[in-house]
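K.L.:
Please see the structure below; I have some questions.
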Amino acid sequence: MDKKVIDDILKGNVSLGIEFGSTRIKAVLISDTNDVLAQGNHDWENQLVDGLWTYSLDSIQSGLQKAYSQLKGSVEDQYGMTLSCIGQIGISAMMHGYLAFNYAGELLVPFRTWRNTNTGEAAQLLTKAFDFNVPLRWSVSHLYQAILNNEDHISQISRFTTLAGYVHGLLTDEFVLGVGDASGMFPIDSDTGQYDEKLLSCFNNLVASKQLSWQVEDLLPKVLSAGEIAGTLTEEGAKLLDPSGDLQSGSVFCPPEGDAGTGMVATNSIRPKTGNISAGTSIFSMVVLEEPLKNVYPEIDIVTTPVGDSVAMVHANNCSTELNAWVSLFDELTQLTGGKADKGKLYEILFNHMLTEQLSEAPMLSYPYHSGEDIVKVDEGRPLFVRRAESPFGLANFMKTQLYGAFAAVSIGMRILTDKEQVKLDSILGHGGLFKTKDVAQRLLAGAIKTPVEVMTTASEGGAWGIAVLANYTRLSKEKTLQEFLDEDVFGKVERYRIEPKDEDVKEFEQFIKAFEKALAIENLAGKII
């Protein structure tokens with residue numbers, strides 16, 4: 001057993017990252033050299049309450065404890081010691097959404113997640129007033145929609161934040177947010193790294209007739225950039241995270257970030273002409289811009305890196321949920337027939353099988369929409385599989401169709417960037433569970449977006465590792481920039497595996513997406529009648 005690792009854990013020379021994903025809360029403990037030492041997970045699911053997707057505060061807090069408890073147990077199992085001292089901690093979570101509180105700190109309405117699409121009127125009016133795309137899922141869209149709806153809680157609101165900001169506040173008693181996550185609450189001025197003052201004034205003018213007792217800037221969390229100290233673990237926070245009482249208070253926190261920002265860190269994609277695509281329950285691309293886009297597009301959000309540089313984000317609400325459901329169905333069949341392949345192996349078999357056939361000219365179609373999808377103008381999701389009678393119906397083509405359906409919406413936004421705006425990309429880094437099987441999703445995504453796709457050996461580490469790296473960076477932020485830290489300390493020896501777009505894959509996806517867009521009316525009709 002590595003004596004340095006044991007010594008570092010005893011002395012607290014370690015960093016902890018916790019990320020709240022859509023279906024899993026993951027905790028990762030890393031060394032001062034950014035190597036993973038232990039992990040913990042807790043699976044959870046959102047609930048549809050009164051027509052809105054939400055997670056309860058109890059499930060947030062209990063999930064936090066369970067993920068940490070599993071990580072703590074892993075440390076005990078691997079190293080024979082109790083985790084009691086952690087140098088640095090970072091919290092990350094799915095971006096956007098709406099958690100609104102009164103002056104007493106009470107939640108005024110159930111947490112409204114990024115997945116909700118009930119903010120169409122607000123997003124449209126804000127986009128027009130700001131001359132800046134404001135998506136449905138942004139926190140300010142939720143706030144303005146509540147104002148338009150004359151919801152009672154608006155008069156009582158004292159502050160609102162994202163999930164990462166909420167959890168960070170529980171542990172540190174600080175009302176702050178990393179600039180990347182803050183850029184999903186309200187537009188950021190990249191020159192200042194703060195909320196855009198002109199647009200703050202514009203918003204206040206929009207709601208002036210409501211005679212509210214607050215200005216919007218009074219409700220928003222303080223914005224911090226990567227490397228800044230965002231508070232320390234309080235005694236109450238330590239007891240919340242580890243109810244056993246073993247964990248000491250005093251850990252330093254980095255600014256809480258969204259999963260988009262941690263994905264950029266996890267793939268070293270924070271400099272211009274780089275980008276990444278994160279594929280999980282949702283799928284989104286992040287492309288760091290050299291200069292502002294010439295036009296405003298409803299398919300493209302402008303957010304920032306964790307240090308405040310402008311990023312074009314293409315976000316689709318739906319990605320792997322439907323594909324996972326089909327794999328679970330096949331797994332059930334395997335069990336019924338006496339098969340013993342574990343689920344991970346089943347994914348590998350099915351993914352590799354995709355490459356054995358090409359789609360026909362009468363392709364099958366998959367609309368994997370469990371919720372609305374703004375890019376393709378789908379208001380209410382209905383998972384849908386469609387084929388013509390003459391479509392070849394084989395397992396390889398079926399699975400490839402599911403993957404192409406998962407990529408469809410984000411590919412539309414990406415092509416606006418590369419074709420209309422002529423944004424130059426050296427490559428896109430892919431990360432997330434879809435890229436675990438070598439070559440398959442990486443190759444088909446390269447064809448779908450007509451851009452080289454790279455995967456690192458750290459691709460499966462994900463955002464929890466990314467926020468742990470940001471936490472570790474707080475030790476060295478006065479000595480080097482975040483980019484220098486990532487290049488020199490984190491990714492200097494990490495291997496990249498690159499796949500160029502193949503002509504046959506580009507042609508195949510073009511054929512698929514043409515049919516996909518043509519038949520979108522079926523998906524919209526399904527949302528109205530089923």
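Simple scheme: letters A, B, ... for chains in structure tokens order, numbers from 1 for residues in each chain, numbers from 1 for ligands in the order shown.
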Dump as JSON lines the rows for residues of stretch 147-249 of chain A within 12 Å of stretch 110-116 of chain A: closest atom pair and distance in Å with one decimal, only C-alpha atoms counted, ordered by chain and rising residue number.
P.N.:
```
{"residue": "A:His153", "atom": "CA", "partner": "A:Pro110", "partner_atom": "CA", "distance": 11.2}
{"residue": "A:Phe160", "atom": "CA", "partner": "A:Phe111", "partner_atom": "CA", "distance": 10.3}
{"residue": "A:Thr161", "atom": "CA", "partner": "A:Phe111", "partner_atom": "CA", "distance": 10.0}
{"residue": "A:Thr162", "atom": "CA", "partner": "A:Thr113", "partner_atom": "CA", "distance": 8.8}
{"residue": "A:Leu163", "atom": "CA", "partner": "A:Phe111", "partner_atom": "CA", "distance": 8.5}
{"residue": "A:Ala164", "atom": "CA", "partner": "A:Thr113", "partner_atom": "CA", "distance": 11.9}
{"residue": "A:Tyr166", "atom": "CA", "partner": "A:Phe111", "partner_atom": "CA", "distance": 10.5}
{"residue": "A:Gly184", "atom": "CA", "partner": "A:Trp114", "partner_atom": "CA", "distance": 9.9}
{"residue": "A:Met185", "atom": "CA", "partner": "A:Trp114", "partner_atom": "CA", "distance": 10.8}
```
K.L.:
Put those residues in a file: N, CA and C atoms, as a JSON list (two decimals), in the first residue's frame.
P.N.:
```json
[["chain", "number", "residue", "atom", "x", "y", "z"],
["A", 153, "HIS", "N", -45.57, 33.41, -4.33],
["A", 153, "HIS", "CA", -44.27, 33.39, -3.64],
["A", 153, "HIS", "C", -43.34, 34.53, -4.08],
["A", 160, "PHE", "N", -32.56, 33.37, -4.80],
["A", 160, "PHE", "CA", -32.75, 32.12, -5.55],
["A", 160, "PHE", "C", -31.41, 31.66, -6.09],
["A", 161, "THR", "N", -31.31, 30.36, -6.32],
["A", 161, "THR", "CA", -30.03, 29.80, -6.71],
["A", 161, "THR", "C", -30.23, 28.49, -7.46],
["A", 162, "THR", "N", -29.12, 27.85, -7.78],
["A", 162, "THR", "CA", -29.13, 26.54, -8.44],
["A", 162, "THR", "C", -28.93, 25.45, -7.40],
["A", 163, "LEU", "N", -28.99, 24.20, -7.84],
["A", 163, "LEU", "CA", -28.80, 23.08, -6.92],
["A", 163, "LEU", "C", -27.40, 23.09, -6.31],
["A", 164, "ALA", "N", -26.37, 23.36, -7.13],
["A", 164, "ALA", "CA", -25.00, 23.41, -6.60],
["A", 164, "ALA", "C", -24.87, 24.52, -5.56],
["A", 166, "TYR", "N", -27.23, 25.73, -3.68],
["A", 166, "TYR", "CA", -27.98, 25.34, -2.49],
["A", 166, "TYR", "C", -27.16, 24.41, -1.60],
["A", 184, "GLY", "N", -25.76, 30.33, -16.08],
["A", 184, "GLY", "CA", -27.02, 29.66, -16.37],
["A", 184, "GLY", "C", -28.16, 30.19, -15.53],
["A", 185, "MET", "N", -27.86, 31.15, -14.68],
["A", 185, "MET", "CA", -28.90, 31.84, -13.92],
["A", 185, "MET", "C", -29.29, 33.13, -14.61]]
```
K.L.:
For stretch 225-240 of chain A, please output as JSON, numbers by chain all residues within 8 Å (counting only C-alpha atoms; exclusion window: fewer than 2 positions along the same chain).
P.N.:
{"A": [61, 65, 170, 171, 172, 173, 174, 176, 178, 179, 193, 223, 242, 243, 244, 245, 247, 248, 249, 250, 251, 252, 253, 254, 255, 256, 306, 307, 308, 470, 471, 473, 474, 475, 476, 477, 478, 482]}
K.L.:
Which residues of stretch 30-87 of chain A come within 12 Å of stretch 261-281 of chain A, and for each one, what is the closest pair of atoms and their distance in Å to one decimal, counting only C-alpha atoms, sorted by chain and residue number, as CSV?
P.N.:
```
residue,atom,partner,partner_atom,distance
A:Asn34,CA,A:Ala266,CA,11.0
A:Glu45,CA,A:Thr281,CA,11.0
A:Asn46,CA,A:Thr281,CA,11.6
```
K.L.:
Filtering to C-alpha atoms, could you give me those residues as a PDB file, in the first residue's frame?
P.N.:
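For reference, out-v5.pdb as written:
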```
ATOM      1  CA  ASN A  34      -5.405  14.543  -8.978  1.00  0.00           C
ATOM      2  CA  GLU A  45     -34.648  10.032  -9.580  1.00  0.00           C
ATOM      3  CA  ASN A  46     -36.635  13.193 -10.130  1.00  0.00           C
TER       4      ASN A  46
END
```
K.L.:
So that I can see what lies close to A:Glu361, please list as a PyMOL selection string the residues with an atom at most 12 Å from it, counting only C-alpha atoms and leaving out residues fewer than 4 positions away in the same chain.
P.N.:
chain A and resi 365+387-388+390-392+397+507-515
K.L.:
Do you know which residues are at most 7 Å from A:Phe351 counting only C-alpha atoms, after dropping those on the same chain fewer than 4 positions away, and could you put them as a ChimeraX atom specification?
P.N.:
/A:347,437,440
K.L.:
Could you write out that same residue set with C-alpha atoms as a PDB file, in the first residue's frame?
P.N.:
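Dumped to result17.pdb:
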```pdb
ATOM      1  CA  TYR A 347     -23.855  -2.442 -23.081  1.00  0.00           C
ATOM      2  CA  THR A 437     -17.181   1.304 -25.020  1.00  0.00           C
ATOM      3  CA  VAL A 440     -18.518   3.257 -30.962  1.00  0.00           C
TER       4      VAL A 440
END
```
K.L.:
Find, counting only C-alpha atoms, the residue in A:Leu350, A:His142, A:Glu332, A:His431 that gets nearest to A:Met286.
P.N.:
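Nearest to A:Met286: A:His431.
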K.L.:
In Å to one decimal, how far is atom CA of A:Val140 from atom CA of A:Ala208?
P.N.:
15.7 Å
K.L.:
Mind listing the helix (DSSP H, G or I) residues of stretch 307-525 of chain A, per DSSP on the backbone, as number ranges by chain?
P.N.:
A: 321-336, 343-354, 374-376, 395-420, 433-435, 440-449, 462-473, 482-490, 503-518, 520-525
K.L.:
Need the shell around A:Gly447: protein/DNA/RNA residues with any atom at most 9 Å away, counting only C-alpha atoms. Skip same-chain ones fewer than 2 positions apart. Format as a JSON list (two decimals) with C-alpha atoms, in the first residue's frame?
P.N.:
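This is the output file out.json:
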```json
[["chain", "number", "residue", "atom", "x", "y", "z"],
["A", 442, "GLN", "CA", -17.05, 8.37, -30.35],
["A", 443, "ARG", "CA", -17.00, 7.34, -33.99],
["A", 444, "LEU", "CA", -20.72, 7.85, -34.60],
["A", 445, "LEU", "CA", -20.68, 11.25, -32.87],
["A", 449, "ILE", "CA", -21.18, 16.59, -35.98],
["A", 450, "LYS", "CA", -18.59, 16.34, -38.76],
["A", 451, "THR", "CA", -15.80, 17.09, -36.29],
["A", 452, "PRO", "CA", -12.96, 14.96, -34.89],
["A", 500, "GLU", "CA", -11.78, 11.58, -37.52],
["A", 501, "PRO", "CA", -15.25, 11.68, -39.14],
["A", 502, "LYS", "CA", -15.66, 8.83, -41.62],
["A", 503, "ASP", "CA", -17.39, 9.64, -44.91],
["A", 504, "GLU", "CA", -19.79, 6.71, -44.59],
["A", 505, "ASP", "CA", -20.80, 7.80, -41.07],
["A", 506, "VAL", "CA", -21.35, 11.43, -42.14],
["A", 507, "LYS", "CA", -23.51, 10.27, -45.04],
["A", 508, "GLU", "CA", -25.44, 7.82, -42.86],
["A", 509, "PHE", "CA", -26.22, 10.43, -40.20],
["A", 510, "GLU", "CA", -27.22, 13.01, -42.83]]
```
K.L.:
Between A:Glu454, A:Gln88, A:Ala446, A:Gly344, which one has atoms that come closest to A:Ser328, using only C-alpha atoms?
P.N.:
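Closest to A:Ser328 of all the choices is A:Gly344.
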K.L.:
Looking at only C-alpha atoms, which of A:Ile522, A:Gln215, A:Gly97, A:Val378 is the one that sits closest to A:Leu52?
P.N.:
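Ranking A:Ile522, A:Gln215, A:Gly97, A:Val378 by distance to A:Leu52, first place goes to A:Gly97.
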K.L.:
Neighbouring residues of A:Met313 were defined as those with any atom within 7 Å, considering only C-alpha atoms; residues of the same chain fewer than 6 positions away were excluded. Please report them as a VMD selection string.
P.N.:
chain A and resid 284 to 287 300 to 303
K.L.:
What would the file look like if the residues just selected were written as a PDB file, in the first residue's frame with C-alpha atoms?
P.N.:
```
ATOM      1  CA  PHE A 284     -24.727  19.182 -24.210  1.00  0.00           C
ATOM      2  CA  SER A 285     -21.792  20.582 -26.081  1.00  0.00           C
ATOM      3  CA  MET A 286     -19.567  23.407 -24.836  1.00  0.00           C
ATOM      4  CA  VAL A 287     -17.476  25.295 -27.391  1.00  0.00           C
ATOM      5  CA  ILE A 300     -27.394  28.126 -28.653  1.00  0.00           C
ATOM      6  CA  ASP A 301     -26.833  29.505 -25.155  1.00  0.00           C
ATOM      7  CA  ILE A 302     -23.937  31.773 -24.263  1.00  0.00           C
ATOM      8  CA  VAL A 303     -22.468  30.752 -20.922  1.00  0.00           C
TER       9      VAL A 303
END
```
